[in-house]
There are 2 protein chains.
Amino acid sequence: MSCSQEYTPQLRARGYRMTPQRHAILHVLCHSGKHLTPSEVYAKAQKQVAGLTEATVYRTLEFLAENGLARPSHVGNGRLVYEIANHEHHHIKCRNCGDEMEVEHTLLKSMYQKLESASGYQLTDSHVTFFGLCPDCQKSENV
Amino acid sequence: MSCSQEYTPQLRARGYRMTPQRHAILHVLCHSGKHLTPSEVYAKAQKQVAGLTEATVYRTLEFLAENGLARPSHVGNGRLVYEIANHEHHHIKCRNCGDEMEVEHTLLKSMYQKLESASGYQLTDSHVTFFGLCPDCQKSENV
DNA sequence: TTCCTTATTGCAAAAAGTTGCAATAACATA
DNA sequence: TATGTTATTGCAACTTTTTGCAATAAGGAA
Ligand SMILES: [Mn+2]
Ligand SMILES: [Mn+2]
Ligand SMILES: [Zn+2]
Ligand SMILES: [Zn+2]
């Protein structure tokens, strides 16, 4: 509720509207400390907004991502997941056991600058997932 | 044909089999210098293997990726695309116009090492897509 | 070459995600 | 507060991707 209220002026300023559906979905994202699939978001938000449809959830998540309020993420299964955009970070995920950890953006900062000067691009997104083997899976060599 | 033939022993060594379907799909990937969607792969491979189904294409692309012969990639629309795994590289893509360029892995190498020592993970995948604004789109400020 | 094991495929149904369109409702304006 | 504009939603049809299962065929062994 309160969490989503702060976003209202941001949307208004861009000519968009705050709706009960967006409130509920932002609320769900705010209070879940992890990545959620669209259907997980739907299951939770549905309890607050009767009649909410999955189509609206998909459209809203994409909308929030485009406007910088949510971050989409690819966690390796080909499906998109989302989280609230409140701090810059990246992820490392284990290809073997699925274990995942956050990585501070500062670790990539100088590489981002190198990429920008080498390419001429201005990098806007700070939410990347890297894949590898976690310490445990390296030991056991479970391939 | 010839291109896919070289992969046969690799598959055999792991207990897998080479099939006309895998031949055709590897052939398609080998001779296309770019990322292909599953349905693009299907459209091309179908011409060589009568009766090929899309389900097989999806399963084969995933299989090839798991075995390091193909690389899946997220290009920002939530859909996976694939390419043959023959050289290490990454991508930068423009959020505005969709323009895309390759990035050599050497530019990320020291960051990869930093990530590995900070996390304890051993990074295995070298195919990441970064997003930003290309030089042209920065000028015109088309948001 | 023939036989046998089982990895792989095709099929069809299900699940996930997208889209066009008419009805609704947010909110700027008066 | 009442009104008008149009951003947003729900619905339903559609496309894309996944999955269980029985039939097929790759390829090792005899
Ligand atoms: Mn995240
Ligand atoms: Mn690539
Ligand atoms: Zn692991
Ligand atoms: Zn651009």
# chains A, B, ... in the order shown; residues from 1 in each chain; ligands from 1
$ residues_near_ligand --ligand "ligand 1" --cutoff "9 Å" --atoms "only C-alpha atoms (C1' of nucleotides) and all ligand atoms" --output "VMD selection string"
chain A and resid 34 to 35 71 to 73 81 to 85 87 to 91 102 127 to 129
$ interface_residues --of "chain D" --to "chain B" --cutoff "8 Å" --atoms "only C-alpha atoms (C1' of nucleotides)" --output "number ranges by chain"
D: 17, 26-27
$ residues_near_ligand --ligand "ligand 3" --cutoff "7 Å" --atoms "only C-alpha atoms (C1' of nucleotides) and all ligand atoms" --output "number ranges by chain"
A: 94-99, 133-137
$ write_last_selection --atoms "C-alpha atoms" --output "tab-separated table (two decimals), in the first residue's frame"
chain	number	residue	atom	x	y	z
A	94	CYS	CA	24.97	-22.25	-10.19
A	95	ARG	CA	24.27	-24.26	-13.32
A	96	ASN	CA	24.34	-27.45	-11.29
A	97	CYS	CA	22.33	-26.91	-8.10
A	98	GLY	CA	20.55	-23.65	-8.89
A	99	ASP	CA	22.02	-21.83	-5.91
A	133	LEU	CA	29.48	-23.59	-10.52
A	134	CYS	CA	29.08	-22.81	-6.84
A	135	PRO	CA	31.87	-23.82	-4.43
A	136	ASP	CA	30.03	-26.99	-3.34
A	137	CYS	CA	29.34	-28.17	-6.86
$ select_by_dssp --residues "chain A" --states "strand (DSSP E or B)" --output "ChimeraX atom specification"
/A:36,70-74,80-84,89-94,100-104,122-123,129-133
$ closest_residue --among "A:Gly120, A:Gly132, A:Ser140, A:Met101" --to "ligand 4" --atoms "only C-alpha atoms and all ligand atoms"
A:Gly120
$ select_by_dssp --residues "segment 9-112 of chain B" --states "alpha helix (DSSP H)" --output "number ranges by chain"
B: 9-13, 20-30, 38-45, 54-66, 106-112
$ residues_around --residues "DT5 of chain D" --least-positions-apart "3" --cutoff "12 Å" --atoms "only C-alpha atoms (C1' of nucleotides)" --output "list in words"
DA25, DA26, DC27, DA28 and DT29 of chain C
$ residues_around --residues "Gly51 of chain B" --least-positions-apart "3" --cutoff "10 Å" --atoms "only C-alpha atoms (C1' of nucleotides)" --output "count of residues only"
7
$ residues_around --residues "DA14 of chain C" --least-positions-apart "2" --cutoff "10 Å" --atoms "only C-alpha atoms (C1' of nucleotides)" --output "ChimeraX atom specification"
/C:12,16 /D:18-19
$ write_last_selection --atoms "C-alpha atoms (C1' of nucleotides)" --output "PDB file, in the first residue's frame"
ATOM      1  C1'  DA C  12      -1.374 -34.374 -28.840  1.00  0.00           C
ATOM      2  C1'  DA C  16       2.713 -19.955 -20.571  1.00  0.00           C
TER       3       DA C  16
ATOM      4  C1'  DT D  18       6.528 -27.455 -22.385  1.00  0.00           C
ATOM      5  C1'  DT D  19       5.466 -32.208 -21.269  1.00  0.00           C
TER       6       DT D  19
END
$ residues_around --residues "DT15 of chain D" --least-positions-apart "6" --cutoff "10 Å" --atoms "only C-alpha atoms (C1' of nucleotides)" --output "list in words"
DG17, DT18 and DT19 of chain C
$ write_last_selection --atoms "all heavy atoms" --output "short mmCIF file (atom, residue, chain, number, x, y, z; two decimals), in the first residue's frame"
data_model
loop_
_atom_site.label_atom_id
_atom_site.label_comp_id
_atom_site.auth_asym_id
_atom_site.auth_seq_id
_atom_site.Cartn_x
_atom_site.Cartn_y
_atom_site.Cartn_z
P DG C 17 5.44 -17.44 -18.63
OP1 DG C 17 6.90 -17.25 -18.55
OP2 DG C 17 4.59 -17.11 -17.49
"O5'" DG C 17 4.91 -16.65 -19.90
"C5'" DG C 17 5.59 -16.83 -21.16
"C4'" DG C 17 4.84 -16.10 -22.24
"O4'" DG C 17 3.53 -16.69 -22.40
"C3'" DG C 17 4.58 -14.60 -21.98
"O3'" DG C 17 5.20 -13.87 -23.02
"C2'" DG C 17 3.06 -14.48 -21.96
"C1'" DG C 17 2.64 -15.68 -22.80
N9 DG C 17 1.29 -16.18 -22.58
C8 DG C 17 0.73 -16.62 -21.40
N7 DG C 17 -0.51 -17.03 -21.53
C5 DG C 17 -0.78 -16.87 -22.88
C6 DG C 17 -1.96 -17.12 -23.62
O6 DG C 17 -3.03 -17.58 -23.22
N1 DG C 17 -1.79 -16.80 -24.96
C2 DG C 17 -0.65 -16.28 -25.53
N2 DG C 17 -0.68 -16.03 -26.82
N3 DG C 17 0.46 -16.03 -24.85
C4 DG C 17 0.32 -16.34 -23.53
P DT C 18 4.89 -12.32 -23.29
OP1 DT C 18 6.08 -11.76 -23.97
OP2 DT C 18 4.38 -11.73 -22.04
"O5'" DT C 18 3.71 -12.38 -24.36
"C5'" DT C 18 3.96 -13.03 -25.61
"C4'" DT C 18 2.92 -12.61 -26.62
"O4'" DT C 18 1.64 -13.19 -26.26
"C3'" DT C 18 2.70 -11.11 -26.75
"O3'" DT C 18 2.79 -10.80 -28.12
"C2'" DT C 18 1.31 -10.87 -26.15
"C1'" DT C 18 0.62 -12.22 -26.39
N1 DT C 18 -0.42 -12.64 -25.42
C2 DT C 18 -1.65 -13.00 -25.89
O2 DT C 18 -1.96 -12.96 -27.06
N3 DT C 18 -2.53 -13.42 -24.91
C4 DT C 18 -2.30 -13.52 -23.56
O4 DT C 18 -3.17 -13.92 -22.81
C5 DT C 18 -0.99 -13.13 -23.14
C7 DT C 18 -0.64 -13.21 -21.69
C6 DT C 18 -0.11 -12.71 -24.07
P DT C 19 2.61 -9.30 -28.68
OP1 DT C 19 3.35 -9.25 -29.94
OP2 DT C 19 2.90 -8.38 -27.57
"O5'" DT C 19 1.05 -9.22 -29.00
"C5'" DT C 19 0.49 -10.18 -29.90
"C4'" DT C 19 -0.95 -9.82 -30.16
"O4'" DT C 19 -1.79 -10.34 -29.11
"C3'" DT C 19 -1.23 -8.31 -30.24
"O3'" DT C 19 -2.03 -8.07 -31.38
"C2'" DT C 19 -1.99 -8.01 -28.96
"C1'" DT C 19 -2.70 -9.33 -28.71
N1 DT C 19 -3.04 -9.64 -27.30
C2 DT C 19 -4.21 -10.34 -27.04
O2 DT C 19 -4.96 -10.69 -27.92
N3 DT C 19 -4.44 -10.59 -25.72
C4 DT C 19 -3.64 -10.22 -24.64
O4 DT C 19 -3.96 -10.51 -23.51
C5 DT C 19 -2.44 -9.50 -24.98
C7 DT C 19 -1.51 -9.06 -23.90
C6 DT C 19 -2.21 -9.25 -26.28
#
$ decode --residues "chain C" --atoms "N, CA and C atoms (P, O5', C5', C4', C3', O3' and C1' of nucleotides)" --output "short mmCIF file (atom, residue, chain, number, x, y, z; two decimals), in the first residue's frame"
data_model
loop_
_atom_site.label_atom_id
_atom_site.label_comp_id
_atom_site.auth_asym_id
_atom_site.auth_seq_id
_atom_site.Cartn_x
_atom_site.Cartn_y
_atom_site.Cartn_z
P DT C 1 25.27 -55.70 -44.93
"O5'" DT C 1 24.95 -56.56 -43.65
"C5'" DT C 1 25.58 -57.81 -43.64
"C4'" DT C 1 24.88 -58.71 -42.65
"C3'" DT C 1 23.45 -58.28 -42.26
"O3'" DT C 1 22.63 -59.44 -42.23
"C1'" DT C 1 24.85 -58.35 -40.34
P DT C 2 21.04 -59.41 -41.91
"O5'" DT C 2 20.94 -59.63 -40.33
"C5'" DT C 2 21.38 -60.87 -39.78
"C4'" DT C 2 21.14 -60.85 -38.29
"C3'" DT C 2 19.76 -60.32 -37.87
"O3'" DT C 2 19.22 -61.20 -36.89
"C1'" DT C 2 21.46 -59.13 -36.75
P DC C 3 17.84 -60.96 -36.14
"O5'" DC C 3 18.33 -60.45 -34.72
"C5'" DC C 3 19.32 -61.20 -34.00
"C4'" DC C 3 19.58 -60.52 -32.67
"C3'" DC C 3 18.32 -60.05 -31.94
"O3'" DC C 3 18.44 -60.41 -30.56
"C1'" DC C 3 19.79 -58.24 -32.22
P DC C 4 17.24 -60.15 -29.55
"O5'" DC C 4 17.79 -58.95 -28.67
"C5'" DC C 4 19.12 -59.03 -28.15
"C4'" DC C 4 19.45 -57.75 -27.42
"C3'" DC C 4 18.30 -57.20 -26.58
"O3'" DC C 4 18.81 -56.83 -25.31
"C1'" DC C 4 19.02 -55.54 -28.11
P DT C 5 17.81 -56.45 -24.12
"O5'" DT C 5 18.30 -54.97 -23.77
"C5'" DT C 5 19.71 -54.73 -23.69
"C4'" DT C 5 19.96 -53.23 -23.83
"C3'" DT C 5 19.08 -52.33 -22.96
"O3'" DT C 5 19.94 -51.42 -22.28
"C1'" DT C 5 19.00 -51.60 -25.20
P DT C 6 19.37 -50.45 -21.14
"O5'" DT C 6 19.04 -49.10 -21.90
"C5'" DT C 6 20.08 -48.39 -22.56
"C4'" DT C 6 19.45 -47.27 -23.37
"C3'" DT C 6 18.44 -46.41 -22.60
"O3'" DT C 6 18.53 -45.08 -23.06
"C1'" DT C 6 17.47 -47.19 -24.53
P DA C 7 19.29 -44.00 -22.10
"O5'" DA C 7 19.71 -42.90 -23.17
"C5'" DA C 7 20.65 -43.23 -24.17
"C4'" DA C 7 20.27 -42.57 -25.49
"C3'" DA C 7 19.83 -41.12 -25.39
"O3'" DA C 7 20.33 -40.47 -26.55
"C1'" DA C 7 18.06 -42.40 -26.30
P DT C 8 19.99 -38.92 -26.82
"O5'" DT C 8 18.68 -38.97 -27.71
"C5'" DT C 8 18.78 -39.47 -29.04
"C4'" DT C 8 17.44 -39.40 -29.71
"C3'" DT C 8 16.76 -38.04 -29.68
"O3'" DT C 8 16.67 -37.57 -31.01
"C1'" DT C 8 15.23 -39.79 -29.23
P DT C 9 15.92 -36.21 -31.34
"O5'" DT C 9 14.51 -36.72 -31.86
"C5'" DT C 9 14.45 -37.61 -32.98
"C4'" DT C 9 13.03 -38.07 -33.17
"C3'" DT C 9 12.03 -36.94 -33.38
"O3'" DT C 9 11.50 -37.02 -34.69
"C1'" DT C 9 11.24 -38.53 -31.76
P DG C 10 10.63 -35.84 -35.30
"O5'" DG C 10 9.15 -36.35 -35.00
"C5'" DG C 10 8.74 -37.61 -35.52
"C4'" DG C 10 7.32 -37.91 -35.08
"C3'" DG C 10 6.30 -36.79 -35.33
"O3'" DG C 10 5.12 -37.40 -35.84
"C1'" DG C 10 6.34 -37.34 -33.01
P DC C 11 3.91 -36.52 -36.38
"O5'" DC C 11 2.82 -36.66 -35.21
"C5'" DC C 11 2.56 -37.94 -34.64
"C4'" DC C 11 1.77 -37.78 -33.36
"C3'" DC C 11 0.74 -36.65 -33.39
"O3'" DC C 11 -0.54 -37.19 -33.15
"C1'" DC C 11 2.02 -36.63 -31.38
P DA C 12 -1.84 -36.28 -33.43
"O5'" DA C 12 -2.38 -35.99 -31.97
"C5'" DA C 12 -2.23 -36.97 -30.95
"C4'" DA C 12 -2.42 -36.31 -29.60
"C3'" DA C 12 -3.42 -35.16 -29.61
"O3'" DA C 12 -4.13 -35.15 -28.40
"C1'" DA C 12 -1.37 -34.37 -28.84
P DA C 13 -5.43 -34.24 -28.20
"O5'" DA C 13 -5.35 -33.85 -26.66
"C5'" DA C 13 -4.72 -34.74 -25.74
"C4'" DA C 13 -4.04 -33.95 -24.65
"C3'" DA C 13 -4.85 -32.74 -24.16
"O3'" DA C 13 -4.81 -32.70 -22.75
"C1'" DA C 13 -2.70 -32.05 -24.79
P DA C 14 -5.59 -31.56 -21.94
"O5'" DA C 14 -4.39 -30.71 -21.32
"C5'" DA C 14 -3.34 -31.40 -20.65
"C4'" DA C 14 -2.25 -30.40 -20.30
"C3'" DA C 14 -2.77 -29.13 -19.63
"O3'" DA C 14 -1.95 -28.89 -18.50
"C1'" DA C 14 -1.44 -28.58 -21.50
P DA C 15 -2.35 -27.77 -17.44
"O5'" DA C 15 -1.17 -26.71 -17.58
"C5'" DA C 15 0.17 -27.18 -17.65
"C4'" DA C 15 1.05 -26.05 -18.16
"C3'" DA C 15 0.78 -24.71 -17.50
"O3'" DA C 15 2.02 -24.21 -17.06
"C1'" DA C 15 0.77 -24.49 -19.86
P DA C 16 2.15 -22.82 -16.28
"O5'" DA C 16 2.67 -21.83 -17.41
"C5'" DA C 16 3.87 -22.15 -18.09
"C4'" DA C 16 4.14 -21.11 -19.13
"C3'" DA C 16 4.03 -19.67 -18.63
"O3'" DA C 16 5.19 -18.99 -19.05
"C1'" DA C 16 2.71 -19.95 -20.57
P DG C 17 5.44 -17.44 -18.63
"O5'" DG C 17 4.91 -16.65 -19.90
"C5'" DG C 17 5.59 -16.83 -21.16
"C4'" DG C 17 4.84 -16.10 -22.24
"C3'" DG C 17 4.58 -14.60 -21.98
"O3'" DG C 17 5.20 -13.87 -23.02
"C1'" DG C 17 2.64 -15.68 -22.80
P DT C 18 4.89 -12.32 -23.29
"O5'" DT C 18 3.71 -12.38 -24.36
"C5'" DT C 18 3.96 -13.03 -25.61
"C4'" DT C 18 2.92 -12.61 -26.62
"C3'" DT C 18 2.70 -11.11 -26.75
"O3'" DT C 18 2.79 -10.80 -28.12
"C1'" DT C 18 0.62 -12.22 -26.39
P DT C 19 2.61 -9.30 -28.68
"O5'" DT C 19 1.05 -9.22 -29.00
"C5'" DT C 19 0.49 -10.18 -29.90
"C4'" DT C 19 -0.95 -9.82 -30.16
"C3'" DT C 19 -1.23 -8.31 -30.24
"O3'" DT C 19 -2.03 -8.07 -31.38
"C1'" DT C 19 -2.70 -9.33 -28.71
P DG C 20 -2.24 -6.57 -31.91
"O5'" DG C 20 -3.82 -6.57 -32.08
"C5'" DG C 20 -4.47 -7.67 -32.73
"C4'" DG C 20 -5.97 -7.50 -32.67
"C3'" DG C 20 -6.47 -6.08 -32.87
"O3'" DG C 20 -7.74 -6.15 -33.53
"C1'" DG C 20 -7.01 -6.80 -30.67
P DC C 21 -8.55 -4.85 -33.93
"O5'" DC C 21 -9.65 -4.77 -32.77
"C5'" DC C 21 -10.36 -5.94 -32.40
"C4'" DC C 21 -11.32 -5.62 -31.28
"C3'" DC C 21 -11.82 -4.17 -31.27
"O3'" DC C 21 -13.19 -4.16 -30.94
"C1'" DC C 21 -10.88 -4.69 -29.20
P DA C 22 -14.10 -2.88 -31.37
"O5'" DA C 22 -15.21 -2.88 -30.23
"C5'" DA C 22 -15.74 -4.12 -29.76
"C4'" DA C 22 -16.00 -4.02 -28.27
"C3'" DA C 22 -16.80 -2.79 -27.86
"O3'" DA C 22 -17.71 -3.15 -26.83
"C1'" DA C 22 -14.74 -2.82 -26.71
P DA C 23 -18.66 -2.07 -26.13
"O5'" DA C 23 -18.15 -2.04 -24.62
"C5'" DA C 23 -18.11 -3.26 -23.89
"C4'" DA C 23 -17.53 -3.01 -22.53
"C3'" DA C 23 -18.21 -1.91 -21.72
"O3'" DA C 23 -18.31 -2.31 -20.37
"C1'" DA C 23 -15.93 -1.39 -22.01
P DT C 24 -18.88 -1.32 -19.26
"O5'" DT C 24 -17.58 -0.79 -18.51
"C5'" DT C 24 -16.64 -1.74 -18.02
"C4'" DT C 24 -15.44 -1.01 -17.46
"C3'" DT C 24 -15.77 0.04 -16.41
"O3'" DT C 24 -15.05 -0.29 -15.24
"C1'" DT C 24 -14.24 0.88 -18.02
P DA C 25 -15.37 0.39 -13.84
"O5'" DA C 25 -14.19 1.45 -13.68
"C5'" DA C 25 -12.85 0.99 -13.73
"C4'" DA C 25 -11.91 2.17 -13.84
"C3'" DA C 25 -12.18 3.27 -12.82
"O3'" DA C 25 -10.95 3.90 -12.55
"C1'" DA C 25 -12.35 4.17 -14.95
P DA C 26 -10.42 4.08 -11.05
"O5'" DA C 26 -9.12 4.97 -11.26
"C5'" DA C 26 -8.06 4.46 -12.04
"C4'" DA C 26 -7.31 5.60 -12.72
"C3'" DA C 26 -7.02 6.80 -11.84
"O3'" DA C 26 -5.72 7.28 -12.19
"C1'" DA C 26 -8.34 7.49 -13.68
P DC C 27 -4.90 8.22 -11.21
"O5'" DC C 27 -5.25 9.67 -11.76
"C5'" DC C 27 -4.89 10.01 -13.09
"C4'" DC C 27 -5.56 11.29 -13.51
"C3'" DC C 27 -5.65 12.39 -12.42
"O3'" DC C 27 -5.40 13.65 -13.01
"C1'" DC C 27 -7.71 12.08 -13.40
P DA C 28 -3.99 14.40 -12.84
"O5'" DA C 28 -4.07 15.52 -13.95
"C5'" DA C 28 -4.04 15.14 -15.33
"C4'" DA C 28 -4.93 16.06 -16.16
"C3'" DA C 28 -4.88 17.53 -15.76
"O3'" DA C 28 -4.81 18.32 -16.94
"C1'" DA C 28 -7.12 16.74 -15.64
P DT C 29 -4.72 19.92 -16.86
"O5'" DT C 29 -6.23 20.38 -17.00
"C5'" DT C 29 -6.97 19.99 -18.17
"C4'" DT C 29 -8.37 20.53 -18.06
"C3'" DT C 29 -8.47 21.97 -17.54
"O3'" DT C 29 -9.10 22.78 -18.51
"C1'" DT C 29 -10.05 20.53 -16.46
P DA C 30 -9.37 24.33 -18.21
"O5'" DA C 30 -10.92 24.33 -17.85
"C5'" DA C 30 -11.84 23.62 -18.68
"C4'" DA C 30 -13.21 23.61 -18.03
"C3'" DA C 30 -13.69 24.98 -17.56
"O3'" DA C 30 -15.09 25.09 -17.77
"C1'" DA C 30 -13.62 23.52 -15.73
#
